[in-house]
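Asks: My structure file target12.txt, compact mmCIF, C-alpha atoms, is below:
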# COMPACT_ATOMS: atom_id res chain seq x y z
CA MET A 971 -36.55 -13.26 -5.90
CA GLU A 972 -33.58 -14.12 -8.14
CA LYS A 973 -31.55 -17.12 -6.96
CA TYR A 974 -27.81 -17.57 -7.49
CA ASP A 975 -25.18 -20.09 -6.42
CA ILE A 976 -22.69 -17.34 -5.57
CA ILE A 977 -23.21 -13.64 -4.97
CA ILE A 978 -20.21 -11.34 -4.71
CA ALA A 979 -20.72 -7.91 -3.16
CA GLY A 980 -18.10 -5.52 -4.53
CA GLY A 981 -17.13 -4.99 -8.16
CA GLY A 982 -13.44 -4.36 -7.57
CA ALA A 983 -10.28 -6.41 -8.10
CA ALA A 984 -11.05 -9.06 -5.46
CA GLY A 985 -14.71 -9.37 -6.49
CA PHE A 986 -14.04 -9.90 -10.19
CA PHE A 987 -11.13 -12.28 -9.56
CA THR A 988 -13.34 -14.41 -7.28
CA ALA A 989 -16.23 -14.50 -9.77
CA ILE A 990 -14.07 -15.42 -12.76
CA ASN A 991 -12.18 -18.19 -10.94
CA ALA A 992 -15.35 -19.66 -9.39
CA ALA A 993 -17.16 -19.75 -12.75
CA GLU A 994 -14.08 -21.20 -14.43
CA ASN A 995 -13.87 -23.98 -11.80
CA ASP A 996 -17.55 -24.84 -12.33
CA PRO A 997 -19.24 -23.33 -15.42
CA GLN A 998 -22.64 -24.59 -14.17
CA LEU A 999 -22.63 -22.06 -11.31
CA ARG A 1000 -24.83 -19.02 -11.48
CA VAL A 1001 -22.60 -16.13 -10.34
CA LEU A 1002 -23.58 -12.50 -9.69
CA ILE A 1003 -21.43 -9.44 -8.92
CA LEU A 1004 -23.16 -6.54 -7.14
CA GLU A 1005 -21.49 -3.10 -7.33
CA ARG A 1006 -22.82 -0.06 -5.46
CA GLY A 1007 -21.22 2.52 -7.81
CA LYS A 1008 -22.01 3.51 -11.39
CA GLU A 1009 -18.78 1.85 -12.55
CA VAL A 1010 -16.86 -1.31 -11.68
CA LEU A 1011 -13.09 -1.67 -11.10
CA THR A 1012 -12.58 2.04 -10.39
CA LYS A 1013 -9.56 1.46 -8.13
CA VAL A 1014 -7.95 -0.79 -10.74
CA LYS A 1015 -8.39 2.05 -13.24
CA VAL A 1016 -6.49 4.66 -11.20
CA SER A 1017 -3.91 2.37 -9.56
CA GLY A 1018 -0.26 2.92 -10.43
CA GLY A 1019 -1.04 6.26 -12.05
CA GLY A 1020 -3.52 4.63 -14.47
CA ARG A 1021 -1.12 1.81 -15.40
CA CYS A 1022 -2.32 -0.73 -12.78
CA ASN A 1023 0.47 -2.11 -10.61
CA VAL A 1024 -0.75 -5.73 -10.86
CA THR A 1025 1.80 -7.36 -8.54
CA HIS A 1026 5.46 -7.30 -7.45
CA ALA A 1027 8.34 -9.45 -8.70
CA GLU A 1028 8.97 -11.20 -5.37
CA PHE A 1029 8.76 -14.97 -5.75
CA ILE A 1030 9.59 -16.24 -2.25
CA PRO A 1031 6.54 -16.38 0.09
CA ALA A 1032 8.64 -15.74 3.23
CA GLU A 1033 10.01 -12.54 1.62
CA LEU A 1034 6.69 -11.44 0.13
CA VAL A 1035 4.87 -11.51 3.49
CA LYS A 1036 7.38 -9.01 4.92
CA ARG A 1037 5.67 -6.28 2.85
CA TYR A 1038 2.46 -6.56 4.91
CA PRO A 1039 2.38 -4.56 8.17
CA ARG A 1040 -0.91 -6.33 8.89
CA GLY A 1041 -1.42 -9.87 7.52
CA GLU A 1042 2.21 -11.04 7.47
CA LYS A 1043 1.58 -14.21 9.52
CA GLU A 1044 -1.80 -15.05 7.97
CA LEU A 1045 -0.71 -14.76 4.31
CA ARG A 1046 2.23 -17.14 4.57
CA GLY A 1047 0.10 -20.26 3.94
CA PRO A 1048 -2.05 -18.70 1.17
CA PHE A 1049 1.05 -17.43 -0.69
CA HIS A 1050 2.35 -20.99 -0.88
CA LYS A 1051 -0.83 -21.84 -2.83
CA PHE A 1052 -1.18 -18.79 -5.09
CA MET A 1053 1.27 -15.92 -5.44
CA THR A 1054 3.24 -13.78 -7.89
CA GLY A 1055 4.20 -16.49 -10.39
CA ASP A 1056 0.60 -17.77 -10.45
CA THR A 1057 -0.72 -14.23 -10.99
CA ILE A 1058 1.62 -13.68 -13.96
CA ALA A 1059 0.59 -17.05 -15.48
CA TRP A 1060 -3.12 -16.34 -14.88
CA PHE A 1061 -3.00 -13.07 -16.82
CA GLU A 1062 -0.76 -14.46 -19.57
CA GLU A 1063 -3.18 -17.35 -20.17
CA ARG A 1064 -5.79 -14.68 -20.84
CA GLY A 1065 -3.66 -12.68 -23.25
CA VAL A 1066 -2.32 -10.07 -20.81
CA GLU A 1067 1.45 -9.91 -20.67
CA LEU A 1068 3.11 -8.27 -17.66
CA LYS A 1069 6.53 -6.60 -17.41
CA ILE A 1070 8.87 -6.00 -14.47
CA GLU A 1071 10.17 -2.51 -13.76
CA GLU A 1072 13.52 -1.74 -12.11
CA ASP A 1073 11.98 -1.42 -8.63
CA GLY A 1074 10.18 -4.78 -8.95
CA ARG A 1075 6.71 -3.40 -9.66
CA MET A 1076 4.81 -5.23 -12.42
CA PHE A 1077 2.50 -3.65 -14.98
CA PRO A 1078 0.75 -4.78 -18.17
CA VAL A 1079 3.11 -4.23 -21.13
CA THR A 1080 0.52 -1.79 -22.50
CA ASP A 1081 1.11 0.49 -19.47
CA ASN A 1082 -2.66 0.89 -19.33
CA SER A 1083 -4.99 -0.29 -16.55
CA GLN A 1084 -7.80 -0.58 -19.13
CA THR A 1085 -6.05 -3.77 -20.35
CA ILE A 1086 -6.78 -5.44 -16.98
CA ILE A 1087 -10.37 -4.11 -16.90
CA ASP A 1088 -11.03 -5.34 -20.47
CA CYS A 1089 -9.60 -8.77 -19.58
CA PHE A 1090 -11.95 -9.08 -16.57
CA LYS A 1091 -15.01 -7.91 -18.52
CA LYS A 1092 -14.27 -10.28 -21.40
CA GLU A 1093 -13.92 -13.23 -18.98
CA CYS A 1094 -17.22 -12.34 -17.29
CA LYS A 1095 -18.96 -12.30 -20.65
CA ARG A 1096 -17.41 -15.64 -21.67
CA LEU A 1097 -18.41 -17.27 -18.36
CA ASN A 1098 -21.91 -15.71 -18.21
CA ILE A 1099 -21.21 -13.88 -14.96
CA GLU A 1100 -23.87 -11.25 -14.29
CA VAL A 1101 -22.79 -7.79 -13.14
CA LEU A 1102 -25.30 -5.32 -11.65
CA LYS A 1103 -24.29 -1.71 -10.91
CA GLY A 1104 -25.93 0.80 -8.58
CA HIS A 1105 -26.79 -1.95 -6.08
CA SER A 1106 -25.74 -0.82 -2.61
CA LEU A 1107 -25.70 -3.64 -0.03
CA LYS A 1108 -28.37 -2.97 2.62
CA ASN A 1109 -28.50 -6.25 4.51
CA PHE A 1110 -27.69 -9.96 4.35
CA LYS A 1111 -28.77 -12.80 6.62
CA LYS A 1112 -28.70 -16.57 6.62
CA GLU A 1113 -32.06 -18.33 6.44
CA GLY A 1114 -31.67 -22.10 6.53
CA GLU A 1115 -29.22 -23.08 3.79
CA PHE A 1116 -29.40 -19.77 1.96
CA TRP A 1117 -28.24 -16.18 2.27
CA LYS A 1118 -30.91 -13.53 1.73
CA VAL A 1119 -29.23 -10.46 0.26
CA ARG A 1120 -30.98 -7.09 0.12
CA THR A 1121 -29.64 -4.20 -1.96
CA SER A 1122 -30.93 -0.65 -2.54
CA LYS A 1123 -32.87 -1.98 -5.56
CA GLU A 1124 -33.73 -5.66 -5.10
CA ASP A 1125 -33.66 -8.86 -3.01
CA PHE A 1126 -31.59 -11.91 -3.94
CA GLU A 1127 -30.85 -15.37 -2.60
CA CYS A 1128 -27.66 -17.41 -2.79
CA GLY A 1129 -25.92 -20.46 -1.38
CA LYS A 1130 -22.56 -18.76 -0.89
CA LEU A 1131 -21.85 -15.09 -0.27
CA MET A 1132 -18.56 -13.27 -0.80
CA LEU A 1133 -17.93 -9.79 0.60
CA ALA A 1134 -15.25 -7.91 -1.32
CA THR A 1135 -16.47 -4.44 -0.42
CA GLY A 1136 -13.10 -2.93 0.60
CA SER A 1137 -13.03 -0.50 3.50
CA ASN A 1138 -16.80 0.11 3.42
CA THR A 1139 -17.83 1.03 6.97
CA LYS A 1140 -21.53 0.25 6.36
CA VAL A 1141 -20.65 -3.37 5.57
CA TRP A 1142 -18.29 -3.54 8.56
CA ASN A 1143 -21.15 -2.31 10.78
CA LEU A 1144 -23.46 -5.02 9.41
CA LEU A 1145 -20.78 -7.66 10.12
CA GLU A 1146 -20.29 -6.34 13.64
CA ARG A 1147 -23.99 -6.80 14.33
CA MET A 1148 -23.57 -10.41 13.17
CA GLY A 1149 -20.82 -11.09 15.70
CA HIS A 1150 -17.64 -10.27 13.75
CA SER A 1151 -14.99 -8.03 15.35
CA ILE A 1152 -13.85 -5.05 13.30
CA VAL A 1153 -10.48 -3.37 13.81
CA PRO A 1154 -11.19 0.39 13.28
CA ALA A 1155 -9.82 1.81 10.02
CA VAL A 1156 -6.97 4.31 9.93
CA PRO A 1157 -5.07 5.63 6.86
CA SER A 1158 -2.06 3.52 5.95
CA LEU A 1159 -0.15 5.01 2.99
CA PHE A 1160 0.42 8.74 3.32
CA THR A 1161 3.10 11.40 2.98
CA PHE A 1162 4.30 13.77 5.74
CA ASN A 1163 3.42 17.47 5.76
CA ILE A 1164 6.53 19.43 6.81
CA GLN A 1165 7.06 23.18 6.61
CA ASP A 1166 10.78 23.75 7.08
CA PRO A 1167 13.21 26.28 5.52
CA ARG A 1168 15.77 23.48 5.03
CA ILE A 1169 13.63 21.76 2.39
CA LYS A 1170 11.86 24.81 0.94
CA GLY A 1171 12.39 25.02 -2.81
CA LEU A 1172 13.86 21.49 -3.00
CA ALA A 1173 10.72 19.73 -4.31
CA GLY A 1174 11.57 16.88 -6.66
CA ILE A 1175 14.90 15.99 -5.03
CA SER A 1176 15.18 12.31 -4.12
CA THR A 1177 18.00 10.66 -2.17
CA GLU A 1178 18.63 7.60 0.02
CA ALA A 1179 17.97 8.31 3.70
CA GLU A 1180 17.25 6.71 7.08
CA VAL A 1181 14.24 8.07 8.93
CA ASN A 1182 12.97 7.40 12.42
CA VAL A 1183 10.03 8.72 14.41
CA GLU A 1184 11.08 10.23 17.72
CA GLY A 1185 9.64 8.46 20.76
CA GLU A 1186 8.32 5.46 18.76
CA HIS A 1187 10.05 2.27 17.65
CA LEU A 1188 9.54 3.21 14.02
CA GLU A 1189 12.33 3.48 11.50
CA SER A 1190 12.84 2.87 7.81
CA SER A 1191 15.30 3.52 5.02
CA GLY A 1192 15.15 3.93 1.27
CA PRO A 1193 14.65 6.73 -1.24
CA LEU A 1194 13.20 9.89 0.36
CA LEU A 1195 11.47 12.38 -1.93
CA ILE A 1196 11.15 16.06 -1.01
CA THR A 1197 7.78 17.46 -2.16
CA HIS A 1198 6.09 20.88 -2.16
CA TRP A 1199 4.27 19.96 1.05
CA GLY A 1200 6.95 17.93 2.85
CA MET A 1201 8.38 14.45 2.40
CA SER A 1202 7.34 11.31 0.52
CA GLY A 1203 8.99 8.37 -1.27
CA PRO A 1204 9.43 4.75 -0.12
CA ALA A 1205 11.27 5.66 3.14
CA ILE A 1206 8.30 7.77 4.30
CA LEU A 1207 5.54 5.52 2.91
CA LYS A 1208 7.00 2.50 4.72
CA LEU A 1209 6.92 4.45 8.00
CA SER A 1210 3.31 5.48 7.35
CA ALA A 1211 2.26 1.86 6.73
CA TRP A 1212 4.09 0.29 9.66
CA GLY A 1213 3.20 3.13 11.98
CA ALA A 1214 -0.42 3.55 10.77
CA ARG A 1215 -1.94 3.11 14.25
CA GLU A 1216 0.76 4.90 16.30
CA LEU A 1217 0.83 7.94 13.99
CA ASN A 1218 -2.98 8.11 14.04
CA LYS A 1219 -2.88 8.23 17.87
CA LEU A 1220 -0.41 11.13 17.64
CA ASP A 1221 -2.92 12.92 15.38
CA TYR A 1222 -0.15 13.09 12.74
CA LYS A 1223 1.87 15.57 14.80
CA PHE A 1224 5.33 14.24 15.67
CA ARG A 1225 9.04 14.69 15.00
CA ILE A 1226 11.26 12.66 12.70
CA SER A 1227 15.03 12.40 12.57
CA VAL A 1228 16.56 12.11 9.08
CA ASN A 1229 19.99 10.70 8.33
CA TRP A 1230 20.92 11.87 4.81
CA LEU A 1231 23.97 9.54 4.89
CA PRO A 1232 22.61 6.07 5.79
CA GLY A 1233 25.00 3.99 7.85
CA ARG A 1234 27.06 6.94 9.10
CA SER A 1235 26.90 8.38 12.62
CA ALA A 1236 27.49 12.01 13.62
CA THR A 1237 30.64 11.07 15.55
CA ALA A 1238 32.23 9.10 12.70
CA LEU A 1239 31.22 11.77 10.20
CA LEU A 1240 32.82 14.52 12.29
CA GLU A 1241 36.20 12.78 11.82
CA GLU A 1242 35.64 12.63 8.03
CA LEU A 1243 34.73 16.33 7.96
CA LYS A 1244 37.92 17.24 9.86
CA LYS A 1245 39.93 15.46 7.14
CA LEU A 1246 38.03 17.36 4.43
CA LYS A 1247 38.87 20.62 6.21
CA PHE A 1248 42.55 19.91 5.38
CA SER A 1249 42.29 18.15 2.03
CA LEU A 1250 39.83 20.72 0.56
CA SER A 1251 41.06 23.72 2.60
CA LYS A 1252 40.98 26.26 -0.27
CA GLN A 1253 37.58 25.21 -1.69
CA GLN A 1254 34.28 26.86 -0.82
CA VAL A 1255 32.20 24.43 1.27
CA ALA A 1256 28.88 25.18 -0.46
CA LYS A 1257 30.28 25.04 -3.96
CA ARG A 1258 30.90 21.32 -4.34
CA SER A 1259 28.55 18.71 -2.92
CA GLN A 1260 30.13 15.96 -0.82
CA PHE A 1261 29.04 12.32 -0.16
CA ASP A 1262 27.15 12.15 -3.50
CA LEU A 1263 24.33 14.28 -2.10
CA PRO A 1264 22.17 16.25 -4.56
CA ARG A 1265 23.84 19.69 -4.95
CA ARG A 1266 20.88 21.81 -3.82
CA LEU A 1267 20.29 19.60 -0.77
CA TRP A 1268 23.98 19.87 0.18
CA GLN A 1269 23.84 23.69 -0.10
CA SER A 1270 20.72 23.81 2.07
CA ILE A 1271 22.37 21.60 4.75
CA VAL A 1272 25.53 23.76 4.68
CA SER A 1273 23.46 26.91 5.16
CA ALA A 1274 21.45 25.25 8.00
CA SER A 1275 24.80 24.57 9.72
CA ALA A 1276 25.46 28.34 10.01
CA ILE A 1277 28.12 28.24 7.27
CA SER A 1278 28.11 31.17 4.82
CA THR A 1279 28.07 30.53 1.07
CA GLU A 1280 31.52 32.14 0.75
CA ALA A 1281 33.17 30.12 3.58
CA LYS A 1282 36.09 27.87 2.64
CA TRP A 1283 36.72 24.51 4.32
CA ALA A 1284 39.78 25.95 6.10
CA ASP A 1285 37.58 28.64 7.73
CA LEU A 1286 35.30 26.18 9.52
CA ASN A 1287 35.50 26.13 13.31
CA LYS A 1288 34.82 23.20 15.62
CA ASN A 1289 31.15 24.16 16.21
CA GLN A 1290 30.40 24.52 12.49
CA LEU A 1291 31.90 21.09 11.74
CA LYS A 1292 29.90 19.55 14.59
CA LYS A 1293 26.68 21.24 13.41
CA LEU A 1294 27.30 20.06 9.82
CA SER A 1295 27.82 16.46 10.96
CA GLU A 1296 24.56 16.62 12.94
CA GLU A 1297 22.54 18.21 10.11
CA LEU A 1298 23.78 15.47 7.79
CA THR A 1299 23.03 12.51 10.06
CA GLU A 1300 20.38 13.50 12.60
CA ALA A 1301 18.35 16.41 11.23
CA VAL A 1302 15.09 16.77 13.15
CA PHE A 1303 11.90 17.84 11.31
CA LYS A 1304 8.45 18.59 12.71
CA VAL A 1305 5.62 16.74 10.96
CA ASN A 1306 2.26 18.47 11.06
CA GLY A 1307 -0.38 16.42 9.26
CA LYS A 1308 -0.45 14.03 6.32
CA SER A 1309 -1.46 13.95 2.67
CA THR A 1310 -2.94 11.03 0.72
CA PHE A 1311 -0.36 9.30 -1.45
CA LYS A 1312 -1.58 9.66 -5.08
CA GLU A 1313 -4.72 7.56 -5.60
CA GLU A 1314 -3.40 4.70 -3.47
CA PHE A 1315 -5.96 5.24 -0.71
CA VAL A 1316 -5.15 2.30 1.53
CA THR A 1317 -6.46 1.79 5.05
CA ALA A 1318 -5.35 -0.39 7.93
CA GLY A 1319 -8.34 -1.98 9.63
CA GLY A 1320 -11.16 -4.38 8.85
CA ILE A 1321 -12.34 -7.83 9.88
CA ASP A 1322 -10.25 -9.27 12.71
CA LEU A 1323 -8.00 -11.91 11.12
CA LYS A 1324 -8.56 -14.39 13.97
CA GLU A 1325 -12.14 -14.83 12.67
CA VAL A 1326 -11.13 -15.98 9.17
CA ASP A 1327 -9.98 -19.39 7.95
CA PHE A 1328 -7.00 -18.60 5.71
CA LYS A 1329 -7.14 -21.93 3.88
CA THR A 1330 -10.45 -20.87 2.30
CA PHE A 1331 -10.95 -17.20 3.31
CA GLU A 1332 -14.27 -18.28 4.86
CA SER A 1333 -15.70 -16.71 8.02
CA LYS A 1334 -15.15 -18.86 11.12
CA ILE A 1335 -18.39 -17.44 12.54
CA HIS A 1336 -20.78 -17.85 9.58
CA LYS A 1337 -20.65 -20.82 7.21
CA ASP A 1338 -20.68 -20.01 3.47
CA LEU A 1339 -19.63 -16.39 4.05
CA PHE A 1340 -16.30 -15.47 2.42
CA PHE A 1341 -14.04 -12.40 2.32
CA ALA A 1342 -11.25 -11.08 0.08
CA GLY A 1343 -9.25 -7.89 -0.34
CA GLU A 1344 -9.29 -4.81 1.82
CA ILE A 1345 -12.40 -5.74 3.83
CA LEU A 1346 -9.94 -7.78 5.95
CA ASN A 1347 -7.46 -6.16 8.35
CA ILE A 1348 -4.64 -6.71 5.84
CA ASP A 1349 -2.68 -3.99 4.10
CA ALA A 1350 0.68 -3.60 2.44
CA ILE A 1351 3.24 -1.04 1.47
CA THR A 1352 3.00 0.41 -2.04
CA GLY A 1353 4.28 -1.60 -5.02
CA GLY A 1354 1.55 -4.05 -6.12
CA PHE A 1355 1.32 -5.92 -2.81
CA ASN A 1356 -2.27 -4.92 -1.99
CA PHE A 1357 -3.39 -6.32 -5.34
CA GLN A 1358 -1.47 -9.56 -4.75
CA ASN A 1359 -3.36 -9.99 -1.46
CA ALA A 1360 -6.64 -9.49 -3.39
CA TRP A 1361 -5.73 -12.05 -6.10
CA THR A 1362 -4.58 -14.68 -3.57
CA GLY A 1363 -7.61 -14.36 -1.28
CA ALA A 1364 -10.02 -14.30 -4.21
CA PHE A 1365 -8.43 -17.34 -5.85
CA LEU A 1366 -8.55 -19.48 -2.71
CA ALA A 1367 -12.09 -18.37 -1.83
CA ALA A 1368 -13.25 -19.15 -5.38
CA LYS A 1369 -11.78 -22.63 -5.07
CA ALA A 1370 -13.61 -23.21 -1.78
CA MET A 1371 -16.90 -21.79 -3.08
CA SER A 1372 -16.98 -23.85 -6.26
Just give me the structure of the file as structure tokens.
Replies:
Amino acid sequence: MEKYDIIIAGGGAAGFFTAINAAENDPQLRVLILERGKEVLTKVKVSGGGRCNVTHAEFIPAELVKRYPRGEKELRGPFHKFMTGDTIAWFEERGVELKIEEDGRMFPVTDNSQTIIDCFKKECKRLNIEVLKGHSLKNFKKEGEFWKVRTSKEDFECGKLMLATGSNTKVWNLLERMGHSIVPAVPSLFTFNIQDPRIKGLAGISTEAEVNVEGEHLESSGPLLITHWGMSGPAILKLSAWGARELNKLDYKFRISVNWLPGRSATALLEELKKLKFSLSKQQVAKRSQFDLPRRLWQSIVSASAISTEAKWADLNKNQLKKLSEELTEAVFKVNGKSTFKEEFVTAGGIDLKEVDFKTFESKIHKDLFFAGEILNIDAITGGFNFQNAWTGAFLAAKAMS
């Protein structure tokens, strides 16, 4: 039976980052990464459309934690020890330069996730970290001072064990048998399926909007993107992350109210529309978009307000003006199902955070058992935040393990 100082189950972002930092802290350590798939770092490869959204340019811990629907309280301490600035420095020291995009997301300057993968593989080679693929974790148990680890191919032994297996239900089940509590997994980042004549043919249009879920205390604002199957964009993705559990209970069938003019109410808008009726009396309503709305969206809203394409502003009656103000500020849409957002398959759920020591990311139930990444009940909105959680947890666990 092969013996190691540290075994890491899971050859993803958190697993590699733990291994490299542990071996760097103490080059004498014998470190092994076990990956169940044929390839390592597969999620890193596809993240950010193949560019790898490494982190987000937010440098204040109290602000950064606000991007985590689950984990906000627990990550505050860890982010004071290792966060965005440290991540940037870590990669730069290893020859990988990052750049900031307009929306704050950070990518390697090469715009290629392979740069991150190559960096990790090179570091593993330099630090003599062993990587075994096709090893699915079957069981692990503590015997005396050591962990006995069984995979689909072999048995191993180690002093410290790290689980970075993501949302792998088999591993969660094993942990449950060992006394850990698991919060059931539900999807966290998804787009809304909506079939509605008002948005038919408008795919690709993006505009600022306020959205809230009827009957739930769930609201968000930001760019809303109309797609072929419904709605997406930051405004919708934020709702899906914060409402992951509530929307799952509703079986993804609910109603949303969309305000296409954030900050305006139907009543206040009605007064503005009455003024337009006089100032633009001779113009056709549908012809020129108002309030900086995309032209095709404006035309669709006008038509949904029972206003003909030929109608001039002067022709509008009280009911049409009222309907237009409502369609612009409180349009109700029926959501029927969800779609996965790109390759960012993120789940809410995992090891109950009360059972983890966030100074070291060690289990409070089993000594010398550590966790990092998505195996924990921590998840974030899109934009590099899930990776930052992985780097921070992995870094602090590596420090504790070495």
Asks: Would you please work out which residue, of A:Leu1045, A:Val1035, A:Val1024, A:Ile976, is nearest to Ile1058 in chain A when using all atoms listed in the file?
Replies: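 The shortest atom-to-atom distance to Ile1058 in chain A comes from A:Val1024.
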Asks: Report the distance between CA of Cys1022 in chain A and CA of Ala989 in chain A in Å, rounded to one decimal place.
Replies: 19.8 Å
Asks: For CA of Arg1000 in chain A and CA of Glu1100 in chain A, determine how far apart the two atoms are, in Å to one decimal place.
Replies: 8.3 Å
Asks: Which residue, A:Glu1178, A:Glu1033, A:Glu1072, A:Glu1005, has the smallest gap to His1050 in chain A when you use all atoms listed in the file?
Replies: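 For His1050 in chain A, the nearest of the candidates is A:Glu1033.
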Asks: To one decimal in Å, tell me the separation between CA of Leu1068 in chain A and CA of Gly1192 in chain A.
Replies: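 Rounded to one decimal, the two atoms are 25.5 Å apart.
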Asks: Counting only C-alpha atoms, what is within 8 Å of Gly1354 in chain A, bar same-chain residues fewer than 5 positions away, as a list in words?
Replies: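 Here the qualifying residues turn out to be Asn1023, Val1024, Thr1025, His1026, Arg1075 and Met1076 of chain A.
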Asks: Find the residues around range 1078-1092 of chain A up to 10 Å (only C-alpha atoms counted), leave out those fewer than 5 positions away in its own chain, and share them as a VMD selection string.
Replies: chain A and resid 982 to 983 986 to 987 989 to 990 1010 to 1024 1058 1061 to 1062 1064 to 1070 1097 to 1099 1101
Asks: Any idea what's packed within 9 Å of Leu1131 in chain A, counting only C-alpha atoms, ignoring anything in its chain fewer than 3 positions away? Could you give it as a ChimeraX atom specification?
Replies: /A:975-979,1117,1119,1128,1338-1341,1371
Asks: Restricting the calculation to all atoms listed in the file: of A:Met1201, A:Ala1284, A:Leu1294, A:Ala1238, which residue gets closest to Leu1250 in chain A?
Replies: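 For Leu1250 in chain A, the nearest of the given residues is A:Ala1284.
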Asks: Can you pull out every residue within 8 Å of Gly1320 in chain A, counting only C-alpha atoms, but drop anything in the same chain fewer than 4 positions away, and send it as a list in words?
Replies: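 My reading of the contact set: Ser1137, Trp1142, Ile1152, Val1153, Pro1154, Ala1155, Glu1344, Ile1345, Leu1346, Asn1347 and Ile1348 of chain A.
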Asks: Kindly complete range 1161-1177 of chain A to N, CA and C atoms; the output should be written as a short mmCIF file (atom, residue, chain, number, x, y, z; two decimals), keeping the file's coordinate frame.
Replies:
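Final output, saved to rebuild-v1.cif:
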data_model
loop_
_atom_site.label_atom_id
_atom_site.label_comp_id
_atom_site.auth_asym_id
_atom_site.auth_seq_id
_atom_site.Cartn_x
_atom_site.Cartn_y
_atom_site.Cartn_z
N THR A 1161 1.85 10.66 2.96
CA THR A 1161 3.10 11.40 2.98
C THR A 1161 3.05 12.39 4.14
N PHE A 1162 4.22 12.89 4.56
CA PHE A 1162 4.30 13.77 5.74
C PHE A 1162 4.29 15.24 5.34
N ASN A 1163 3.43 16.03 5.99
CA ASN A 1163 3.42 17.47 5.76
C ASN A 1163 4.48 18.12 6.66
N ILE A 1164 5.45 18.79 6.05
CA ILE A 1164 6.53 19.43 6.81
C ILE A 1164 6.81 20.81 6.22
N GLN A 1165 6.68 21.83 7.04
CA GLN A 1165 7.06 23.18 6.61
C GLN A 1165 8.40 23.48 7.27
N ASP A 1166 9.47 23.53 6.49
CA ASP A 1166 10.78 23.75 7.08
C ASP A 1166 11.68 24.45 6.06
N PRO A 1167 12.36 25.54 6.47
CA PRO A 1167 13.21 26.28 5.52
C PRO A 1167 14.28 25.41 4.87
N ARG A 1168 14.70 24.32 5.58
CA ARG A 1168 15.77 23.48 5.03
C ARG A 1168 15.36 22.72 3.78
N ILE A 1169 14.05 22.50 3.59
CA ILE A 1169 13.63 21.76 2.39
C ILE A 1169 12.80 22.63 1.45
N LYS A 1170 12.65 23.90 1.78
CA LYS A 1170 11.86 24.81 0.94
C LYS A 1170 12.57 24.97 -0.40
N GLY A 1171 11.81 24.85 -1.47
CA GLY A 1171 12.39 25.02 -2.81
C GLY A 1171 13.17 23.81 -3.31
N LEU A 1172 13.11 22.68 -2.57
CA LEU A 1172 13.86 21.49 -3.00
C LEU A 1172 12.95 20.40 -3.57
N ALA A 1173 11.67 20.74 -3.82
CA ALA A 1173 10.72 19.73 -4.31
C ALA A 1173 11.27 19.00 -5.53
N GLY A 1174 11.12 17.69 -5.52
CA GLY A 1174 11.57 16.88 -6.66
C GLY A 1174 12.90 16.20 -6.41
N ILE A 1175 13.61 16.62 -5.35
CA ILE A 1175 14.90 15.99 -5.03
C ILE A 1175 14.65 14.67 -4.30
N SER A 1176 15.33 13.62 -4.75
CA SER A 1176 15.18 12.31 -4.12
C SER A 1176 16.56 11.77 -3.78
N THR A 1177 16.71 11.22 -2.57
CA THR A 1177 18.00 10.66 -2.17
C THR A 1177 17.78 9.58 -1.11
#
